[in-house]
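Text of the file upload_9.cif, holding mmCIF, C-alpha atoms:
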```
data_my_file
#
loop_
_atom_site.label_atom_id
_atom_site.label_comp_id
_atom_site.auth_asym_id
_atom_site.auth_seq_id
_atom_site.Cartn_x
_atom_site.Cartn_y
_atom_site.Cartn_z
CA MET A 1 94.60 252.41 111.59
CA LYS A 2 93.56 250.56 108.50
CA GLY A 3 94.97 247.24 109.60
CA GLN A 4 93.30 244.95 107.12
CA ALA A 5 93.92 246.97 103.99
CA ASN A 6 95.38 244.99 101.17
CA LYS A 7 96.07 247.40 98.34
CA CYS A 8 97.53 244.65 96.18
CA LEU A 9 94.10 243.26 95.42
CA SER A 10 92.71 244.34 92.08
CA ASN A 11 89.43 246.23 92.13
CA ASN A 12 87.80 243.33 90.37
CA HIS A 13 88.94 240.95 93.08
CA MET A 14 87.83 243.36 95.79
CA GLU A 15 84.33 243.47 94.39
CA ASN A 16 84.06 239.72 94.58
CA GLU A 17 86.00 239.47 97.80
CA ARG A 18 84.86 236.96 100.38
CA LYS A 19 87.29 236.57 103.24
CA LEU A 20 86.80 233.68 105.64
CA THR A 21 88.53 232.63 108.82
CA ILE A 22 89.87 229.07 108.84
CA ALA A 23 87.07 228.22 111.28
CA ARG A 24 84.42 229.36 108.79
CA SER A 25 86.06 227.67 105.82
CA MET A 26 86.26 224.33 107.67
CA ALA A 27 82.56 224.57 108.55
CA GLU A 28 81.67 225.55 104.98
CA ALA A 29 83.56 222.61 103.44
CA THR A 30 81.94 220.25 105.94
CA ALA A 31 78.45 221.60 105.17
CA GLN A 32 78.98 221.32 101.41
CA GLU A 33 80.15 217.71 101.71
CA MET A 34 77.23 216.88 104.04
CA ARG A 35 74.80 218.22 101.42
CA ARG A 36 76.21 216.01 98.68
CA ASP A 37 76.81 212.85 100.77
CA ASP A 38 74.37 211.65 103.44
CA ASN A 39 77.08 209.41 104.90
CA VAL A 40 79.08 212.35 106.24
CA PHE A 41 78.44 213.19 109.89
CA VAL A 42 80.30 214.91 112.73
CA MET A 43 80.98 213.82 116.31
CA GLY A 44 82.85 215.48 119.13
CA GLU A 45 82.74 217.49 122.31
CA ASP A 46 80.84 220.79 122.04
CA ILE A 47 80.70 220.57 118.23
CA GLY A 48 76.88 220.86 118.17
CA LYS A 49 75.09 223.70 119.92
CA LEU A 50 78.30 225.57 120.73
CA GLY A 51 79.62 225.18 117.17
CA GLY A 52 83.00 223.92 118.32
CA VAL A 53 85.34 225.52 120.83
CA TYR A 54 87.28 226.84 117.82
CA GLY A 55 84.24 227.74 115.71
CA ASN A 56 84.82 225.13 113.02
CA THR A 57 81.38 223.48 113.24
CA ARG A 58 79.33 226.67 113.63
CA GLY A 59 75.96 226.57 111.90
CA LEU A 60 76.04 222.84 111.19
CA ILE A 61 73.56 221.62 113.83
CA GLU A 62 71.03 224.23 112.69
CA GLU A 63 71.14 222.88 109.13
CA PHE A 64 71.73 219.16 109.68
CA GLY A 65 70.26 218.43 113.13
CA SER A 66 71.58 216.49 116.10
CA THR A 67 71.61 213.09 114.36
CA ARG A 68 74.32 214.14 111.94
CA ILE A 69 75.98 216.70 114.22
CA ARG A 70 76.44 214.70 117.40
CA ASP A 71 77.66 216.17 120.65
CA THR A 72 79.47 213.49 122.62
CA PRO A 73 80.39 213.05 126.26
CA ILE A 74 84.03 213.50 127.23
CA SER A 75 84.84 209.99 126.01
CA GLU A 76 87.43 210.18 123.23
CA THR A 77 88.16 206.44 123.17
CA ALA A 78 84.46 205.68 122.73
CA PHE A 79 83.57 208.20 120.03
CA ILE A 80 86.76 207.83 118.00
CA GLY A 81 86.44 204.03 118.22
CA ALA A 82 82.79 204.35 117.16
CA ALA A 83 83.84 206.50 114.21
CA VAL A 84 86.29 203.82 113.04
CA GLY A 85 83.48 201.26 113.10
CA ALA A 86 81.09 203.60 111.30
CA ALA A 87 83.74 204.34 108.65
CA GLN A 88 84.34 200.62 108.06
CA ASP A 89 80.56 200.23 107.72
CA GLY A 90 80.30 202.78 104.91
CA MET A 91 79.86 206.08 106.73
CA ARG A 92 82.22 209.07 106.48
CA PRO A 93 82.62 210.33 110.03
CA ILE A 94 84.40 213.53 110.97
CA VAL A 95 85.42 213.47 114.62
CA GLU A 96 87.01 216.19 116.66
CA LEU A 97 89.67 215.66 119.28
CA MET A 98 89.34 219.03 121.00
CA PHE A 99 93.04 219.37 121.83
CA VAL A 100 95.64 217.21 120.11
CA ASP A 101 97.30 217.05 123.54
CA PHE A 102 94.46 214.71 124.63
CA PHE A 103 95.59 212.00 122.19
CA GLY A 104 96.91 209.95 125.10
CA VAL A 105 93.49 208.78 126.25
CA CYS A 106 92.42 207.57 122.79
CA PHE A 107 95.56 206.54 120.98
CA ASP A 108 94.59 202.88 120.73
CA ALA A 109 91.50 203.92 118.76
CA ILE A 110 93.55 206.30 116.61
CA TYR A 111 96.71 204.36 116.01
CA ASN A 112 95.79 200.67 116.39
CA LEU A 113 92.28 200.88 114.88
CA MET A 114 91.90 203.96 112.65
CA ALA A 115 95.40 203.90 111.18
CA LYS A 116 95.81 200.14 110.73
CA ASN A 117 92.47 198.51 109.98
CA ILE A 118 92.78 198.93 106.21
CA TYR A 119 96.09 197.10 106.38
CA PHE A 120 94.93 194.49 108.92
CA SER A 121 91.94 193.61 106.75
CA GLY A 122 94.07 193.20 103.65
CA GLY A 123 92.23 196.11 102.09
CA LYS A 124 88.79 194.56 102.61
CA PHE A 125 87.76 197.50 104.76
CA GLN A 126 88.21 201.17 104.10
CA VAL A 127 88.38 203.73 106.89
CA PRO A 128 87.21 207.00 105.32
CA MET A 129 87.25 209.26 108.35
CA VAL A 130 88.64 212.64 109.35
CA LEU A 131 90.09 213.24 112.78
CA MET A 132 90.24 217.01 113.17
CA THR A 133 92.19 218.35 116.08
CA SER A 134 93.54 221.67 117.33
CA GLY A 135 97.11 222.42 118.23
CA GLY A 136 99.39 225.25 119.13
CA GLY A 137 100.26 227.56 121.98
CA GLY A 138 100.99 231.21 122.52
CA TYR A 139 98.02 231.98 124.78
CA SER A 140 99.29 230.58 128.08
CA ASP A 141 97.29 227.38 128.37
CA GLY A 142 99.93 225.09 129.80
CA GLY A 143 101.87 222.07 128.59
CA GLN A 144 98.82 219.81 128.18
CA HIS A 145 96.90 222.29 125.94
CA SER A 146 99.58 223.91 123.78
CA GLN A 147 101.42 221.32 121.73
CA VAL A 148 101.16 220.74 117.99
CA LEU A 149 102.51 217.15 117.91
CA TYR A 150 102.83 217.18 114.10
CA GLY A 151 105.77 214.83 114.23
CA THR A 152 104.00 212.29 116.45
CA PHE A 153 101.17 211.80 113.95
CA ALA A 154 103.27 212.14 110.80
CA HIS A 155 105.76 209.56 112.11
CA LEU A 156 103.20 206.77 112.44
CA PRO A 157 102.19 205.05 109.20
CA GLY A 158 98.57 204.66 108.15
CA MET A 159 97.30 208.22 108.53
CA LYS A 160 97.42 211.17 106.17
CA VAL A 161 98.26 214.41 108.00
CA VAL A 162 97.29 217.88 106.82
CA CYS A 163 97.87 221.30 108.33
CA PRO A 164 96.44 224.44 106.66
CA SER A 165 97.96 227.90 107.06
CA ASN A 166 95.04 229.90 105.63
CA ALA A 167 91.32 229.72 104.96
CA TYR A 168 91.61 229.00 101.22
CA ASP A 169 93.77 225.92 101.81
CA ALA A 170 91.73 224.93 104.87
CA LYS A 171 88.58 224.62 102.79
CA GLY A 172 90.13 222.70 99.91
CA LEU A 173 92.07 220.38 102.20
CA MET A 174 88.95 219.65 104.28
CA THR A 175 87.00 218.72 101.14
CA THR A 176 89.80 216.38 100.05
CA ALA A 177 90.04 214.90 103.56
CA ILE A 178 86.32 214.07 103.70
CA ARG A 179 86.40 212.45 100.24
CA ASP A 180 89.53 210.40 100.98
CA ASN A 181 89.00 206.69 101.67
CA ASN A 182 91.88 206.67 104.17
CA PRO A 183 91.97 208.17 107.64
CA VAL A 184 93.08 211.79 107.58
CA VAL A 185 94.30 213.74 110.60
CA TYR A 186 93.37 217.38 110.02
CA MET A 187 95.53 219.47 112.34
CA TYR A 188 94.52 223.11 112.61
CA HIS A 189 96.35 225.77 114.58
CA LYS A 190 94.33 227.60 117.23
CA SER A 191 95.80 231.03 116.56
CA LEU A 192 94.84 230.81 112.87
CA GLN A 193 91.13 230.23 113.62
CA GLY A 194 90.14 233.89 114.04
CA MET A 195 89.12 233.27 117.66
CA GLY A 196 90.72 236.31 119.27
CA TRP A 197 91.78 235.07 122.70
CA LEU A 198 93.65 232.13 121.15
CA GLY A 199 95.91 234.50 119.24
CA THR A 200 95.27 236.41 116.07
CA GLU A 201 97.11 235.83 112.81
CA GLN A 202 95.35 238.01 110.28
CA GLY A 203 97.22 236.45 107.37
CA ALA A 204 95.15 233.28 107.77
CA THR A 205 91.87 235.06 106.95
CA VAL A 206 91.87 235.25 103.15
CA HIS A 207 89.59 235.30 100.13
CA THR A 208 87.85 231.94 99.83
CA PRO A 209 85.49 230.99 97.00
CA GLU A 210 82.00 229.90 97.98
CA GLU A 211 81.83 227.08 95.44
CA GLU A 212 83.29 223.75 96.50
CA TYR A 213 86.84 222.85 95.47
CA SER A 214 89.50 220.43 96.61
CA ILE A 215 93.26 220.71 97.06
CA PRO A 216 95.29 217.55 96.35
CA PHE A 217 97.36 216.18 99.22
CA GLY A 218 101.12 216.11 98.78
CA GLU A 219 101.47 219.45 97.01
CA ALA A 220 103.42 222.08 98.90
CA LYS A 221 102.93 225.70 97.90
CA ILE A 222 105.60 228.33 97.39
CA VAL A 223 103.87 231.26 99.14
CA LYS A 224 106.73 233.67 98.45
CA GLU A 225 109.38 233.23 95.79
CA GLY A 226 112.97 234.04 96.56
CA SER A 227 116.53 233.19 95.59
CA ASP A 228 118.76 233.33 98.69
CA VAL A 229 117.28 231.00 101.32
CA THR A 230 114.39 228.54 101.59
CA ILE A 231 112.20 228.80 104.69
CA VAL A 232 109.98 225.71 105.13
CA GLY A 233 107.05 225.48 107.54
CA VAL A 234 103.41 224.52 108.13
CA GLY A 235 100.47 226.24 109.80
CA LEU A 236 101.53 229.21 111.90
CA GLY A 237 105.14 228.53 110.91
CA VAL A 238 104.32 229.75 107.39
CA HIS A 239 103.26 233.14 108.77
CA ASN A 240 106.41 233.35 110.88
CA GLY A 241 108.36 232.50 107.73
CA LEU A 242 106.63 235.24 105.73
CA LYS A 243 107.30 237.82 108.45
CA ALA A 244 110.93 236.71 108.63
CA ALA A 245 111.16 237.05 104.85
CA LYS A 246 110.06 240.70 105.19
CA LEU A 247 112.71 241.34 107.84
CA LEU A 248 115.35 239.61 105.71
CA GLU A 249 114.31 241.70 102.71
CA GLU A 250 115.31 244.83 104.68
CA LYS A 251 118.77 243.29 104.91
CA GLY A 252 118.85 242.61 101.19
CA VAL A 253 118.14 238.87 101.52
CA ASN A 254 115.50 237.39 99.23
CA ALA A 255 113.86 234.45 101.01
CA GLU A 256 111.61 231.82 99.49
CA VAL A 257 108.85 230.52 101.77
CA VAL A 258 107.40 227.02 101.31
CA ASP A 259 104.10 225.98 102.92
CA LEU A 260 104.13 222.18 103.13
CA ARG A 261 100.31 222.08 103.59
CA THR A 262 100.38 218.29 104.06
CA LEU A 263 102.94 216.33 106.07
CA VAL A 264 101.71 212.92 104.91
CA PRO A 265 102.09 212.72 101.98
CA LEU A 266 105.08 215.07 102.02
CA ASP A 267 106.02 217.02 98.88
CA ARG A 268 109.75 216.43 99.08
CA ASP A 269 110.27 217.48 95.44
CA THR A 270 109.12 221.06 95.95
CA VAL A 271 111.33 221.43 99.03
CA PHE A 272 114.32 219.93 97.28
CA ASN A 273 113.91 222.02 94.15
CA SER A 274 113.65 225.18 96.22
CA VAL A 275 116.78 224.36 98.23
CA LYS A 276 118.62 223.47 95.04
CA LYS A 277 117.81 226.97 93.80
CA THR A 278 118.66 228.89 96.99
CA GLY A 279 121.36 226.64 98.49
CA HIS A 280 120.19 227.51 102.00
CA LEU A 281 117.55 225.94 104.23
CA ILE A 282 115.79 226.98 107.44
CA VAL A 283 113.01 224.74 108.74
CA VAL A 284 110.44 226.27 111.11
CA ASP A 285 108.33 224.10 113.40
CA GLU A 286 106.29 224.70 116.56
CA ASP A 287 106.76 221.02 117.42
CA TYR A 288 109.63 219.82 119.58
CA LYS A 289 112.98 220.07 117.85
CA SER A 290 114.33 216.55 118.19
CA PHE A 291 113.04 213.58 116.16
CA GLY A 292 110.52 215.66 114.22
CA LEU A 293 109.57 217.60 111.08
CA THR A 294 112.68 219.77 111.04
CA GLY A 295 115.02 216.79 110.99
CA GLU A 296 112.89 215.03 108.36
CA ILE A 297 113.07 217.98 105.95
CA ILE A 298 116.82 218.33 106.37
CA ALA A 299 117.28 214.57 105.88
CA THR A 300 115.27 214.79 102.66
CA ILE A 301 117.86 217.17 101.18
CA ALA A 302 120.87 215.37 102.63
CA GLU A 303 119.72 212.00 101.27
CA ARG A 304 118.88 213.25 97.80
CA ASP A 305 121.83 215.49 97.03
CA ILE A 306 123.80 217.09 99.80
CA SER A 307 125.59 219.31 97.29
CA ALA A 308 122.36 221.32 97.04
CA LEU A 309 123.29 222.85 100.40
CA LYS A 310 125.85 225.67 100.41
CA ALA A 311 125.71 226.00 104.21
CA SER A 312 124.57 223.93 107.19
CA PRO A 313 120.78 223.93 107.42
CA GLN A 314 119.15 225.53 110.45
CA ARG A 315 116.14 224.64 112.57
CA VAL A 316 113.84 227.03 114.41
CA ALA A 317 111.69 224.71 116.51
CA TYR A 318 110.33 224.30 120.01
CA PRO A 319 113.02 223.42 122.55
CA ASP A 320 112.77 219.87 123.95
CA ILE A 321 110.94 220.94 127.10
CA PRO A 322 107.34 220.76 128.34
CA ILE A 323 105.56 223.98 127.33
CA PRO A 324 105.57 226.57 130.13
CA PHE A 325 102.29 228.03 131.42
CA SER A 326 103.92 231.37 132.22
CA ARG A 327 103.29 233.74 129.31
CA PRO A 328 106.78 235.29 129.17
CA MET A 329 108.41 231.89 129.47
CA GLU A 330 106.20 230.46 126.74
CA ARG A 331 106.91 233.42 124.47
CA TYR A 332 110.62 232.91 125.04
CA ALA A 333 110.41 229.31 123.87
CA LEU A 334 108.10 229.73 120.83
CA PRO A 335 109.48 230.13 117.31
CA ASN A 336 109.15 233.67 115.92
CA PRO A 337 110.33 235.71 112.91
CA GLU A 338 113.35 237.14 114.75
CA LYS A 339 114.63 233.64 115.54
CA ILE A 340 114.41 232.79 111.84
CA VAL A 341 116.39 235.92 110.95
CA ASN A 342 119.00 234.98 113.58
CA ALA A 343 119.18 231.45 112.17
CA TYR A 344 120.00 232.93 108.77
CA ALA A 345 122.76 235.08 110.27
CA LYS A 346 124.19 232.05 112.08
CA MET A 347 124.15 230.01 108.89
CA LYS A 348 126.07 232.71 107.02
CA GLU A 349 128.67 233.03 109.78
CA GLN A 350 129.68 229.41 109.46
CA MET B 1 76.79 255.53 107.01
CA ASP B 2 78.66 254.41 110.12
CA ILE B 3 79.07 250.74 110.93
CA THR B 4 78.20 250.46 114.61
CA ILE B 5 78.12 247.61 117.10
CA PRO B 6 74.45 246.74 117.70
CA THR B 7 73.38 247.29 121.32
CA THR B 8 71.26 244.14 121.37
CA LEU B 9 73.84 241.47 120.48
CA TRP B 10 74.60 240.58 124.09
CA ASP B 11 73.04 241.33 127.46
CA GLU B 12 75.86 242.55 129.69
CA ASP B 13 77.73 245.82 129.31
CA SER B 14 81.03 244.04 128.52
CA ASP B 15 83.21 245.39 125.73
CA ALA B 16 83.87 243.37 122.58
CA VAL B 17 87.07 242.72 120.65
CA ILE B 18 87.18 242.73 116.84
CA THR B 19 88.53 239.26 116.00
CA SER B 20 88.33 239.40 112.19
CA TRP B 21 87.48 241.74 109.37
CA LEU B 22 86.09 239.56 106.60
CA VAL B 23 86.48 242.27 103.95
CA SER B 24 89.43 244.46 103.03
CA ASP B 25 89.47 248.21 103.55
CA GLY B 26 88.06 249.77 100.38
CA ALA B 27 86.13 246.69 99.28
CA ALA B 28 82.68 246.86 97.73
CA VAL B 29 80.02 245.29 99.97
CA ASN B 30 76.32 244.58 99.69
CA GLU B 31 73.81 245.37 102.40
CA GLY B 32 73.56 242.38 104.74
CA ASP B 33 76.99 240.92 103.86
CA LEU B 34 78.92 239.43 106.75
CA ILE B 35 81.81 241.86 107.18
CA ALA B 36 83.33 241.28 110.63
CA GLU B 37 83.37 239.08 113.69
CA ILE B 38 83.59 240.38 117.23
CA MET B 39 83.99 238.45 120.46
CA VAL B 40 82.54 239.04 123.92
CA GLU B 41 83.45 236.70 126.77
CA LYS B 42 84.64 234.06 124.25
CA ILE B 43 81.32 234.20 122.34
CA GLN B 44 81.56 235.37 118.74
CA HIS B 45 79.01 237.70 117.12
CA GLU B 46 78.60 238.68 113.47
CA ILE B 47 78.58 242.20 112.06
CA HIS B 48 76.74 242.74 108.78
CA ALA B 49 76.94 245.60 106.30
CA PRO B 50 74.21 248.17 107.04
CA LYS B 51 74.08 249.28 103.38
CA THR B 52 75.59 248.67 99.95
CA GLY B 53 78.73 250.62 99.09
CA THR B 54 82.47 250.92 99.62
CA ILE B 55 83.75 250.09 103.09
CA SER B 56 86.20 252.14 105.10
CA ILE B 57 87.60 250.40 108.19
CA SER B 58 88.39 252.62 111.19
CA GLN B 59 88.98 250.05 113.94
CA ALA B 60 91.52 247.30 113.32
CA VAL B 61 91.52 243.68 114.43
CA GLU B 62 92.15 243.40 118.20
CA ALA B 63 90.58 246.83 118.87
CA VAL B 64 88.28 246.92 121.89
CA VAL B 65 84.83 248.30 121.12
CA ALA B 66 81.76 249.06 123.25
CA LYS B 67 78.12 248.56 122.38
CA GLY B 68 77.09 251.28 119.95
CA GLY B 69 80.71 251.99 119.02
CA THR B 70 81.73 252.81 115.44
CA ILE B 71 84.15 250.47 113.67
CA GLY B 72 83.98 251.84 110.14
CA SER B 73 81.71 253.38 107.55
CA ILE B 74 80.17 252.65 104.17
CA ALA B 75 80.01 255.30 101.46
#
```
structure tokens encoding of this file:
Amino acid sequence: MKGQANKCLSNNHMENERKLTIARSMAEATAQEMRRDDNVFVMGEDIGKLGGVYGNTRGLIEEFGSTRIRDTPISETAFIGAAVGAAQDGMRPIVELMFVDFFGVCFDAIYNLMAKNIYFSGGKFQVPMVLMTSGGGGYSDGGQHSQVLYGTFAHLPGMKVVCPSNAYDAKGLMTTAIRDNNPVVYMYHKSLQGMGWLGTEQGATVHTPEEEYSIPFGEAKIVKEGSDVTIVGVGLGVHNGLKAAKLLEEKGVNAEVVDLRTLVPLDRDTVFNSVKKTGHLIVVDEDYKSFGLTGEIIATIAERDISALKASPQRVAYPDIPIPFSRPMERYALPNPEKIVNAYAKMKEQ
Amino acid sequence: MDITIPTTLWDEDSDAVITSWLVSDGAAVNEGDLIAEIMVEKIQHEIHAPKTGTISISQAVEAVVAKGGTIGSIA
């Protein structure tokens, strides 16, 4: 089987092709920024010799040494708090919270220090730091290792929140995050990292230029154009949306798929303009359904011009339950392309 | 020339899984280019192009491969 073949690429592109996993593109952006700015350094658990549990700091300790690539004890409050202080003192720390699910032990450092100190100081201090953290389930790791928690972080003011769906965006968004003078929460999905046992989404491993580049925050990307329904998502949700679009195409439905790329700031204009064109909206989210991203996107349309909607919008999100450890039970609860197709059918029945 | 899994990448006799192809089937590659990643016991190893040419992929992502196994060829 020739699973990775992509016959759409031109020969010219193929000759210059350089596919990266998201893990590699995050490490490459970090290395490039560390070469141009001595103030950038990385802290976290197993980010040094191991190269990160998800591979996103591989090769860094070999080039930059253990002073700038600092393995920490299991002490999230201490090293995230230390990063806030370092950032206020002129450094540009990148810290890794190994699982976003572990936010509970360090949320004072994240939410009362990192997110608010610019405001509390009347702008006298800047907090240019990146908190990178993994999220997502699908590999049977239980309810304390499988959440995405996008809505939790995006809800709280003071932090920018980004969430790449592919290696090209991952690199550009990481570069922008490191250069930003505000705290940025960089949420990557485990099954997009190219790490095998965490799940494999081949669509995330794409051509990525070697030279440095940045992607502005607050610009969603239409990854597939369509005219009949708008499917909105982030991270793995974008790939579910693209697969659903293929299934819908077999039924003669032309779906448009929007990758939000950043949640804060949120590109409401692109979402609205797409829905205005298609008249139909399905929001896909691996986060819990209630009080989250799906409701926020729908509210964006309803507040601006409800006449843009020709049918009730639909949500394909995680049910409001703790994530099951059991693989079949987890699979049952996760969003997938078939659920998106069913949501479209339900919308048209109404 | 076949692209084979080197027998010296890891000590045990465990099989590996192809976690990523970093080139497309039919792409032009240069000798030494990083072309694939494989994983053994949660440790990732790199596969490099053994020669310059056009790659043909015979084992897809998620395929299980043994030491010395062939995963593609370069013509």
(request) Quick one: pull the distance between CA of Gln144 (chain A) and CA of Gly104 (chain A), Å, one decimal. (result) 10.5 Å
Set out as a Markdown table a contact list for chain B and chain A with a cut-off of 6 Å, giving each residue of chain B that qualifies its closest atom pair and distance in Å to one decimal, counting only C-alpha atoms, ordered by chain and rising residue number.
```
| residue | atom | partner | partner_atom | distance |
| --- | --- | --- | --- | --- |
| B:Thr19 | CA | A:Gly196 | CA | 4.9 |
| B:Leu22 | CA | A:Lys19 | CA | 4.7 |
| B:Val23 | CA | A:Lys19 | CA | 5.8 |
| B:Ser24 | CA | A:Ala5 | CA | 5.2 |
| B:Asp25 | CA | A:Ala5 | CA | 4.6 |
| B:Ala27 | CA | A:Met14 | CA | 5.1 |
| B:Ala28 | CA | A:Glu15 | CA | 5.0 |
| B:Ile57 | CA | A:Lys2 | CA | 6.0 |
| B:Ala60 | CA | A:Gly3 | CA | 5.1 |
```
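Shortest atom-to-atom contact with Met91 (chain A) among A:Asp38, A:Asp108, A:Asp46, A:Asp267: A:Asp38, counting all atoms listed in the file.
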(request) Pull out every residue that the PyMOL selection byres ((chain A and resi 319) around 9) matches in the shown coordinates and put them as an NGL selection string. (result) :A and (287-290 or 316-318 or 320-323 or 333-334)
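The residue that comes closest to Arg24 (chain A), out of A:Asn117, A:Thr152, A:Ser191, A:Thr208 and on the basis of only C-alpha atoms, is A:Thr208.
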(message) Considering all atoms listed in the file, can you say which of A:Pro324, A:Lys346, A:Asn254, A:Glu62 comes closest to Gln147 (chain A)?
(response)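 Once distances to Gln147 (chain A) are computed over all atoms listed in the file, the minimum belongs to A:Pro324.
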(request) Return as a ChimeraX atom specification the set of residues that the PyMOL selection byres ((chain A and resi 171-177) around 8) yields on the displayed structure. (result) /A:22,25-26,28-30,33,129-130,162,164,167-170,178-180,184,186,208,212-217
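Once the PyMOL selection byres ((chain A and resi 86-88) around 7) is applied to this file, the selection holds Ala82, Ala83, Val84, Gly85, Asp89, Gly90, Met91, Arg92, Pro93, Phe125, Gln126, Val127, Pro128 and Met129 of chain A.
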(request) Go through B:Ala66, B:Ile74, B:Asp13, B:Ser56 and flag the residue nearest Ile38 (chain B), using all atoms listed in the file for the distances. (result)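 Going through B:Ala66, B:Ile74, B:Asp13, B:Ser56 one by one, the smallest distance to Ile38 (chain B) is for B:Ala66.
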(request) Could you check which of B:Val29, B:Gly72, B:Gln59, B:Val40 is closest to Asp15 (chain B), using only C-alpha atoms? (result)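 Checking each of B:Val29, B:Gly72, B:Gln59, B:Val40 against Asp15 (chain B), counting only C-alpha atoms, the winner is B:Val40.
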Got a sec: who's within 9 Å of His45 (chain B), counting only C-alpha atoms, leaving out chain neighbours fewer than 3 positions off, as a PDB file with C-alpha atoms, in the coordinates of the input?
```
ATOM      1  CA  LEU B   9      73.840 241.470 120.480  1.00  0.00           C
ATOM      2  CA  TRP B  10      74.600 240.580 124.090  1.00  0.00           C
ATOM      3  CA  ALA B  36      83.330 241.280 110.630  1.00  0.00           C
ATOM      4  CA  GLU B  37      83.370 239.080 113.690  1.00  0.00           C
ATOM      5  CA  ILE B  38      83.590 240.380 117.230  1.00  0.00           C
ATOM      6  CA  MET B  39      83.990 238.450 120.460  1.00  0.00           C
ATOM      7  CA  VAL B  40      82.540 239.040 123.920  1.00  0.00           C
TER       8      VAL B  40
END
```
